[in-house]
Every structure is written in structure tokens, then in C-alpha cells.
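Heads up: the structure comes next, in C-alpha cells.
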Amino acid sequence: MKTSVKKCLFPAAGYGTRFLPATKAIPKEMLPILTKPLLQYGVEEARSAGIDTMAIVTGRGKRAIEDHFDRSYELEHQIDGTPKEELMKEIRDIVKNCTISYTRQVEMKGLGHAILTGETLIGDEPFAVILADDLCDNGDNEPILSQMVKLYAQYQCSIVAVEEVPPKDTNKYGVVAGEFITPDIMRVNNMVEKPEPKDAPSNLAIIGRYILTPDIFDIIREVKPGKGGEIQITDALLEQAKQGKVIAYKFKGKRFDCGSVDGFVQATNYFYAKSNI
Ligand code: UTP
């Protein structure tokens, strides 16, 4: 088995119901923060972690995603030699230098199921997962996925990024508990999907960045539908955690839940303040 992380999976098949009607015909992951779609931020974060193979799990509205990560000859011809060319620099670079492949989740049976759908694109190697609606930023410092890829080199086990959330919000997240082995790293021994505050083992919530070892696929296949009737990645990770094979990492940086209107607006304001638009 490979020992370094060279592929990143992007589950992008969810319905995005909190963003209706915007998500009626376009995927939530294509909503822009300023001028850039969420998914492009995710792909850029993966690249900065040394990954250039992207595997995208799509569902409805797949065309917009595929068209975005492709050449657009007419449009590019129009803007060639104009100042607007600059606006296309990053996406052109991605299209030129990355391998991007797609698979389709036919039934929305949850995040665990979406990840399993990506198995054909990943194969038998460790891989990163980015949920593009969790937008992360660490200013000029090391991006979050890159921090995690380095940790993987050291620990060689699954890693979940976590942050402290207000106790009343635990029912929106997978929540972890375990023993800290450094101030930022916990060996996980318990995980619960969306617990009510009174049942939560901590207030450390999993956010949309993971590194997973490929044995997770066989485990997901065995997982029964959990909370909300969905195949939960948290339930599969708990099986690995029971063998001491999951660490939770309190990452350095900021994260915006752009799947919610509130988080989306906060991210927009944050990136606008940083931009020179
Ligand atoms: P969310 O639960 O945040 O996405 O899933 P959602 O279901 O699209 O959003 P709402 O609640 O209806 O507004 C987290 C991520 O997992 C993907 C989503 O696309 C999102 O990136 N996902 C979720 C799948 O790819 N397939 C699924 O069956 C479920």
C-alpha cells in the first residue's frame, strides 16, 4: 500500500436543500465565494497539499462541475490577450496540471455511501476527503489539508479534522472523544454522529477534512444505515477507532460552514475583506 496521500475525493452529490432554490439546478459546491466556486477552493487546497489527482463524486447537476474543470475554447479565445485573462489563471492551471475524474452517486444514501462510491477512483491507497462546503483558510500559513498530510506521514492512520463547537451545536456534527497525545492530537476511542448536547461525548466536532486509509471501504460496506437512515462515515470510522487507528486533529486555521446561509455570508465577508476587489 502507498504510504503518502496522492488523491483527494470530493463528495459533491448532496441535494444542498438548505440553499434552495439556488441549488435546484446547480450543485451547492458550485456556489461562489466572491468569484470562485467552493469546489475550486477545495481543489486548490488539495493541490497545496501536494495532491494533483482529484476524484469527484457527483449526482444531479454534474454538468456544471465538469464544465468548470475543463477548457472553454470560445470563452478563452474571447479573453485571450485582455486583462480578464488573469481571472482565469488559477482554473486554467488546475485544468492543465490535474487529473480530475468523476463518478456518480445514484442514490443519496449519505456521506459514507458517497465515499464508498468513490472507491473505483481511489483504489487501494490512503486518500484525502474534502467537503467543499466546509471552506477552510489559514491565511499565509500552511493550509489545513497540508497540515493533515504531514501528520499522515507520521501516524499512518485515518485522521479527522476537528474543532470545538458550542455544546448546543453538537447535533449538527460527528463528535469525537479520546485521549490527547499532544495538545492538538487525540487518539480517538469514541465517535457519535449528531448527538444531542446531553449525549455528546465532547464538543469536538468533525469538519469536512479527512485522511482515510483504504480499509475504510470494506468497513463502509458493512455499516448499517445510521442517523437519518444514511450510511454515516462516522460509524465506519468508529470501527477503525476501536482498533486505535483514528486520530483527531485540532487544525490551525479558520473554517466556514458554507452549506449554511450564515456561514456562506461570513465566508463571503471574510474573503472580500482579504481581497483587492
Ligand atoms: P451535507 O449534509 O452537508 O450536504 O453533506 P447536503 O445533504 O447536500 O446539504 P443539505 O443539508 O441538504 O443542505 C456533506 C457533504 O457530503 C456530500 C454533500 O454533497 C456535501 O458535500 N454528500 C452528502 C454526498 O455526496 N452524498 C450524500 O448522499 C450526502
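The way I read the labels, and the way they are meant: chains A, B, ... in the order of the C-alpha cells, residue 1 as the first residue of every chain, and ligand 1 as the first ligand shown, with later ones counted on from there.
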
### Message
When you look at A:Val265 with a cut-off of 12 Å (counting only C-alpha atoms), what residues show up, excluding the ones that are within fewer than 5 positions of it in the same chain? I need them as an NGL selection string.
### Response
:A and (31-34 or 135 or 256-260 or 270-272)

### Message
Could you pull out the strand (DSSP E or B) residues of stretch 145-215 of chain A, going by DSSP on the backbone, and write them as a ChimeraX atom specification?
### Response
/A:158-164,174-180,185-193,204-212

Just to be explicit: take each residue in the selection above, keep N, CA, C and O atoms, and write the result as a compact mmCIF listing (two decimals), in the first residue's frame.
# COMPACT_ATOMS: atom_id res chain seq x y z
N SER A 158 -6.03 6.82 9.83
CA SER A 158 -7.05 7.81 9.43
C SER A 158 -7.00 9.03 10.34
O SER A 158 -6.69 8.93 11.54
N ILE A 159 -7.29 10.19 9.76
CA ILE A 159 -7.23 11.45 10.51
C ILE A 159 -8.50 12.24 10.22
O ILE A 159 -8.91 12.36 9.06
N VAL A 160 -9.12 12.76 11.28
CA VAL A 160 -10.26 13.67 11.08
C VAL A 160 -9.87 15.04 11.63
O VAL A 160 -9.23 15.12 12.68
N ALA A 161 -10.25 16.09 10.91
CA ALA A 161 -10.02 17.45 11.42
C ALA A 161 -11.17 17.79 12.35
O ALA A 161 -12.33 17.54 12.02
N VAL A 162 -10.84 18.34 13.51
CA VAL A 162 -11.90 18.69 14.47
C VAL A 162 -11.74 20.13 14.95
O VAL A 162 -10.64 20.69 14.91
N GLU A 163 -12.87 20.69 15.38
CA GLU A 163 -12.82 21.98 16.06
C GLU A 163 -13.85 22.00 17.18
O GLU A 163 -14.83 21.25 17.15
N GLU A 164 -13.58 22.87 18.17
CA GLU A 164 -14.55 22.98 19.27
C GLU A 164 -15.76 23.75 18.78
O GLU A 164 -15.61 24.78 18.12
N GLY A 174 -20.48 15.08 13.51
CA GLY A 174 -19.92 13.89 14.16
C GLY A 174 -19.03 14.40 15.29
O GLY A 174 -18.28 15.36 15.09
N VAL A 175 -19.14 13.79 16.46
CA VAL A 175 -18.40 14.29 17.63
C VAL A 175 -17.47 13.18 18.12
O VAL A 175 -17.84 12.01 18.14
N VAL A 176 -16.23 13.57 18.49
CA VAL A 176 -15.23 12.57 18.89
C VAL A 176 -14.88 12.69 20.37
O VAL A 176 -15.04 13.74 20.99
N ALA A 177 -14.34 11.59 20.90
CA ALA A 177 -13.74 11.62 22.24
C ALA A 177 -12.55 10.67 22.23
O ALA A 177 -12.46 9.78 21.38
N GLY A 178 -11.62 10.87 23.16
CA GLY A 178 -10.44 10.01 23.22
C GLY A 178 -9.39 10.62 24.12
O GLY A 178 -9.73 11.41 25.02
N GLU A 179 -8.12 10.25 23.87
CA GLU A 179 -7.05 10.76 24.72
C GLU A 179 -6.10 11.61 23.91
O GLU A 179 -5.64 11.18 22.84
N PHE A 180 -5.79 12.78 24.44
CA PHE A 180 -4.85 13.65 23.73
C PHE A 180 -3.44 13.08 23.86
O PHE A 180 -2.98 12.76 24.96
N ILE A 185 -3.52 16.75 19.13
CA ILE A 185 -3.80 15.45 18.50
C ILE A 185 -4.38 14.48 19.53
O ILE A 185 -3.80 14.27 20.60
N MET A 186 -5.53 13.92 19.15
CA MET A 186 -6.21 12.99 20.06
C MET A 186 -6.28 11.61 19.41
O MET A 186 -6.62 11.49 18.24
N ARG A 187 -5.97 10.58 20.18
CA ARG A 187 -6.23 9.21 19.72
C ARG A 187 -7.71 8.96 20.02
O ARG A 187 -8.13 9.02 21.18
N VAL A 188 -8.49 8.73 18.97
CA VAL A 188 -9.95 8.68 19.15
C VAL A 188 -10.39 7.30 19.63
O VAL A 188 -9.93 6.28 19.10
N ASN A 189 -11.25 7.26 20.64
CA ASN A 189 -11.82 5.96 21.03
C ASN A 189 -13.35 5.96 21.00
O ASN A 189 -13.99 4.94 21.24
N ASN A 190 -13.95 7.11 20.71
CA ASN A 190 -15.41 7.13 20.58
C ASN A 190 -15.82 8.21 19.58
O ASN A 190 -15.18 9.26 19.49
N MET A 191 -16.86 7.92 18.84
CA MET A 191 -17.40 8.89 17.87
C MET A 191 -18.90 8.71 17.82
O MET A 191 -19.38 7.58 17.77
N VAL A 192 -19.62 9.81 17.78
CA VAL A 192 -21.08 9.73 17.70
C VAL A 192 -21.55 10.72 16.64
O VAL A 192 -21.09 11.87 16.61
N GLU A 193 -22.47 10.27 15.77
CA GLU A 193 -22.99 11.15 14.73
C GLU A 193 -24.13 12.01 15.28
O GLU A 193 -25.10 11.47 15.83
N LEU A 204 -15.97 18.39 20.55
CA LEU A 204 -15.04 18.39 19.41
C LEU A 204 -15.73 17.80 18.18
O LEU A 204 -16.01 16.59 18.14
N ALA A 205 -15.98 18.66 17.21
CA ALA A 205 -16.78 18.27 16.05
C ALA A 205 -15.90 18.02 14.84
O ALA A 205 -14.94 18.75 14.59
N ILE A 206 -16.26 16.98 14.08
CA ILE A 206 -15.52 16.68 12.84
C ILE A 206 -15.98 17.65 11.76
O ILE A 206 -17.18 17.85 11.54
N ILE A 207 -15.03 18.27 11.08
CA ILE A 207 -15.37 19.15 9.96
C ILE A 207 -14.94 18.45 8.65
O ILE A 207 -14.42 17.35 8.68
N GLY A 208 -15.16 19.11 7.54
CA GLY A 208 -15.04 18.44 6.24
C GLY A 208 -13.65 18.23 5.69
O GLY A 208 -13.41 18.48 4.50
N ARG A 209 -12.73 17.71 6.51
CA ARG A 209 -11.40 17.33 6.04
C ARG A 209 -11.03 16.00 6.69
O ARG A 209 -11.03 15.89 7.92
N TYR A 210 -10.70 15.02 5.87
CA TYR A 210 -10.35 13.70 6.38
C TYR A 210 -9.16 13.18 5.60
O TYR A 210 -8.98 13.51 4.42
N ILE A 211 -8.38 12.32 6.24
CA ILE A 211 -7.47 11.43 5.51
C ILE A 211 -7.91 10.03 5.92
O ILE A 211 -8.07 9.76 7.12
N LEU A 212 -8.15 9.19 4.93
CA LEU A 212 -8.68 7.86 5.24
C LEU A 212 -7.77 6.78 4.67
O LEU A 212 -7.23 6.93 3.56

### Task
Identify, counting only C-alpha atoms and all ligand atoms, the protein, DNA and RNA residues located within 6 Å of ligand 1, and give them as a VMD selection string.
chain A and resid 11 to 18 108 to 111 114 131 to 133 259

Go ahead and write the residues just picked, N, CA and C atoms, as a PDB file, in the first residue's frame.
ATOM      1  N   PRO A  11     -16.788  14.477  -2.208  1.00  0.00           N
ATOM      2  CA  PRO A  11     -18.208  14.110  -2.303  1.00  0.00           C
ATOM      3  C   PRO A  11     -19.013  15.378  -2.615  1.00  0.00           C
ATOM      4  N   ALA A  12     -19.699  15.366  -3.714  1.00  0.00           N
ATOM      5  CA  ALA A  12     -20.415  16.584  -4.122  1.00  0.00           C
ATOM      6  C   ALA A  12     -21.765  16.224  -4.705  1.00  0.00           C
ATOM      7  N   ALA A  13     -22.396  15.218  -4.107  1.00  0.00           N
ATOM      8  CA  ALA A  13     -23.646  14.730  -4.678  1.00  0.00           C
ATOM      9  C   ALA A  13     -24.876  15.117  -3.859  1.00  0.00           C
ATOM     10  N   GLY A  14     -24.649  15.717  -2.683  1.00  0.00           N
ATOM     11  CA  GLY A  14     -25.782  16.038  -1.799  1.00  0.00           C
ATOM     12  C   GLY A  14     -26.762  17.000  -2.460  1.00  0.00           C
ATOM     13  N   TYR A  15     -27.960  17.059  -1.922  1.00  0.00           N
ATOM     14  CA  TYR A  15     -29.000  17.901  -2.531  1.00  0.00           C
ATOM     15  C   TYR A  15     -28.851  19.381  -2.184  1.00  0.00           C
ATOM     16  N   GLY A  16     -28.131  19.692  -1.109  1.00  0.00           N
ATOM     17  CA  GLY A  16     -27.963  21.102  -0.738  1.00  0.00           C
ATOM     18  C   GLY A  16     -29.279  21.792  -0.465  1.00  0.00           C
ATOM     19  N   THR A  17     -30.153  21.115   0.271  1.00  0.00           N
ATOM     20  CA  THR A  17     -31.518  21.641   0.432  1.00  0.00           C
ATOM     21  C   THR A  17     -31.566  22.959   1.208  1.00  0.00           C
ATOM     22  N   ARG A  18     -30.526  23.197   2.032  1.00  0.00           N
ATOM     23  CA  ARG A  18     -30.550  24.462   2.789  1.00  0.00           C
ATOM     24  C   ARG A  18     -30.351  25.662   1.875  1.00  0.00           C
ATOM     25  N   MET A 108     -28.772   9.171  -3.016  1.00  0.00           N
ATOM     26  CA  MET A 108     -28.109   9.935  -1.951  1.00  0.00           C
ATOM     27  C   MET A 108     -28.288   9.203  -0.623  1.00  0.00           C
ATOM     28  N   LYS A 109     -27.381   8.265  -0.364  1.00  0.00           N
ATOM     29  CA  LYS A 109     -27.534   7.463   0.852  1.00  0.00           C
ATOM     30  C   LYS A 109     -26.564   7.892   1.941  1.00  0.00           C
ATOM     31  N   GLY A 110     -26.070   9.120   1.854  1.00  0.00           N
ATOM     32  CA  GLY A 110     -25.223   9.629   2.932  1.00  0.00           C
ATOM     33  C   GLY A 110     -23.759   9.747   2.554  1.00  0.00           C
ATOM     34  N   LEU A 111     -23.014  10.433   3.424  1.00  0.00           N
ATOM     35  CA  LEU A 111     -21.605  10.713   3.144  1.00  0.00           C
ATOM     36  C   LEU A 111     -20.774   9.428   3.062  1.00  0.00           C
ATOM     37  N   ALA A 114     -21.377   7.975  -0.223  1.00  0.00           N
ATOM     38  CA  ALA A 114     -20.720   8.778  -1.274  1.00  0.00           C
ATOM     39  C   ALA A 114     -19.227   8.428  -1.342  1.00  0.00           C
ATOM     40  N   LEU A 131     -14.833  18.106   1.967  1.00  0.00           N
ATOM     41  CA  LEU A 131     -16.216  18.533   1.741  1.00  0.00           C
ATOM     42  C   LEU A 131     -16.141  20.018   1.417  1.00  0.00           C
ATOM     43  N   ALA A 132     -16.361  20.318   0.145  1.00  0.00           N
ATOM     44  CA  ALA A 132     -16.057  21.674  -0.328  1.00  0.00           C
ATOM     45  C   ALA A 132     -16.940  22.730   0.320  1.00  0.00           C
ATOM     46  N   ASP A 133     -18.080  22.312   0.877  1.00  0.00           N
ATOM     47  CA  ASP A 133     -18.918  23.327   1.523  1.00  0.00           C
ATOM     48  C   ASP A 133     -18.351  23.750   2.873  1.00  0.00           C
ATOM     49  N   GLY A 259     -22.358  25.475   3.768  1.00  0.00           N
ATOM     50  CA  GLY A 259     -23.619  24.782   3.488  1.00  0.00           C
ATOM     51  C   GLY A 259     -24.774  25.456   4.204  1.00  0.00           C
TER      52      GLY A 259
END

As a PDB file with C-alpha atoms, in the first residue's frame, list the residues of stretch 6-198 of chain A assigned to alpha helix (DSSP H) by DSSP on the backbone atoms of this structure.
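As written to disk, result11.pdb reads:
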ATOM      1  CA  LEU A  38     -16.474  26.412  -3.424  1.00  0.00           C
ATOM      2  CA  LEU A  39     -15.185  23.320  -5.194  1.00  0.00           C
ATOM      3  CA  GLN A  40     -12.326  25.250  -6.774  1.00  0.00           C
ATOM      4  CA  TYR A  41     -11.200  26.443  -3.330  1.00  0.00           C
ATOM      5  CA  GLY A  42     -11.192  22.786  -2.274  1.00  0.00           C
ATOM      6  CA  VAL A  43      -9.174  21.676  -5.297  1.00  0.00           C
ATOM      7  CA  GLU A  44      -6.651  24.459  -4.653  1.00  0.00           C
ATOM      8  CA  GLU A  45      -6.319  23.350  -1.029  1.00  0.00           C
ATOM      9  CA  ALA A  46      -5.671  19.768  -2.184  1.00  0.00           C
ATOM     10  CA  ARG A  47      -3.022  20.957  -4.623  1.00  0.00           C
ATOM     11  CA  SER A  48      -1.261  22.927  -1.944  1.00  0.00           C
ATOM     12  CA  LYS A  62     -22.976  17.245 -12.778  1.00  0.00           C
ATOM     13  CA  ARG A  63     -22.501  19.218 -15.939  1.00  0.00           C
ATOM     14  CA  ALA A  64     -21.639  22.492 -14.244  1.00  0.00           C
ATOM     15  CA  ILE A  65     -18.829  20.799 -12.301  1.00  0.00           C
ATOM     16  CA  GLU A  66     -17.381  19.006 -15.299  1.00  0.00           C
ATOM     17  CA  ASP A  67     -17.610  22.095 -17.483  1.00  0.00           C
ATOM     18  CA  HIS A  68     -15.870  24.207 -14.849  1.00  0.00           C
ATOM     19  CA  TYR A  73     -12.286  27.327 -26.010  1.00  0.00           C
ATOM     20  CA  GLU A  74     -14.723  30.007 -27.158  1.00  0.00           C
ATOM     21  CA  LEU A  75     -14.617  31.938 -23.900  1.00  0.00           C
ATOM     22  CA  GLU A  76     -10.864  31.631 -23.550  1.00  0.00           C
ATOM     23  CA  HIS A  77     -10.374  32.778 -27.131  1.00  0.00           C
ATOM     24  CA  GLN A  78     -12.535  35.846 -26.350  1.00  0.00           C
ATOM     25  CA  ILE A  79     -10.491  36.941 -23.352  1.00  0.00           C
ATOM     26  CA  LYS A  89      -5.273  31.909 -14.398  1.00  0.00           C
ATOM     27  CA  GLU A  90      -5.918  29.585 -11.454  1.00  0.00           C
ATOM     28  CA  ILE A  91      -8.605  27.472 -13.101  1.00  0.00           C
ATOM     29  CA  ARG A  92      -6.540  27.133 -16.273  1.00  0.00           C
ATOM     30  CA  ASP A  93      -3.623  25.953 -14.193  1.00  0.00           C
ATOM     31  CA  ILE A  94      -5.807  23.328 -12.497  1.00  0.00           C
ATOM     32  CA  VAL A  95      -7.192  22.085 -15.822  1.00  0.00           C
ATOM     33  CA  LYS A  96      -3.697  21.850 -17.269  1.00  0.00           C
ATOM     34  CA  ASN A  97      -1.962  20.156 -14.361  1.00  0.00           C
ATOM     35  CA  LEU A 111     -21.605  10.713   3.144  1.00  0.00           C
ATOM     36  CA  GLY A 112     -20.298   7.210   3.928  1.00  0.00           C
ATOM     37  CA  HIS A 113     -22.061   5.888   0.841  1.00  0.00           C
ATOM     38  CA  ALA A 114     -20.720   8.778  -1.274  1.00  0.00           C
ATOM     39  CA  ILE A 115     -17.178   7.931  -0.149  1.00  0.00           C
ATOM     40  CA  LEU A 116     -17.717   4.260  -0.985  1.00  0.00           C
ATOM     41  CA  THR A 117     -18.945   5.318  -4.434  1.00  0.00           C
ATOM     42  CA  GLU A 119     -13.671   3.626  -4.352  1.00  0.00           C
ATOM     43  CA  THR A 120     -13.246   2.907  -8.065  1.00  0.00           C
ATOM     44  CA  LEU A 121     -11.438   6.240  -8.478  1.00  0.00           C
ATOM     45  CA  ILE A 122      -9.242   5.844  -5.392  1.00  0.00           C
ATOM     46  CA  ILE A 144      -5.315  22.659   6.642  1.00  0.00           C
ATOM     47  CA  LEU A 145      -5.137  19.636   4.333  1.00  0.00           C
ATOM     48  CA  SER A 146      -1.401  20.100   4.040  1.00  0.00           C
ATOM     49  CA  GLN A 147      -1.103  20.042   7.845  1.00  0.00           C
ATOM     50  CA  MET A 148      -3.027  16.747   7.812  1.00  0.00           C
ATOM     51  CA  VAL A 149      -0.986  15.153   5.024  1.00  0.00           C
ATOM     52  CA  LYS A 150       2.136  15.796   7.086  1.00  0.00           C
ATOM     53  CA  LEU A 151       0.515  14.171  10.101  1.00  0.00           C
ATOM     54  CA  TYR A 152      -0.384  11.164   7.985  1.00  0.00           C
ATOM     55  CA  ALA A 153       3.275  10.698   7.118  1.00  0.00           C
ATOM     56  CA  GLN A 154       3.934  10.427  10.836  1.00  0.00           C
ATOM     57  CA  TYR A 155       0.925   8.405  12.079  1.00  0.00           C
TER      58      TYR A 155
END

### Task
Pick out the residues sitting within 8 Å of A:Phe10, and hand them over as a VMD selection string; count only C-alpha atoms, and ignore anything fewer than 2 positions along from it in its own chain.
chain A and resid 8 12 54 to 57 129 to 132

Requested write-out: C-alpha atoms of the selected residues, as a compact mmCIF listing (two decimals), in the first residue's frame:
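Output saved as result_0.txt:
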# COMPACT_ATOMS: atom_id res chain seq x y z
CA CYS A 8 -8.35 13.67 -2.97
CA ALA A 12 -20.41 16.58 -4.12
CA MET A 54 -8.95 14.75 -7.86
CA ALA A 55 -11.87 12.32 -7.69
CA ILE A 56 -15.27 13.95 -7.65
CA VAL A 57 -18.47 12.17 -6.65
CA VAL A 129 -11.54 13.82 1.56
CA ILE A 130 -12.62 17.45 1.23
CA LEU A 131 -16.22 18.53 1.74
CA ALA A 132 -16.06 21.67 -0.33

### Query
Out of A:Lys242, A:Pro195, A:Glu222, A:Asp184, which residue has the shortest atom-to-atom distance to A:Lys172 when counting only C-alpha atoms?
A:Pro195
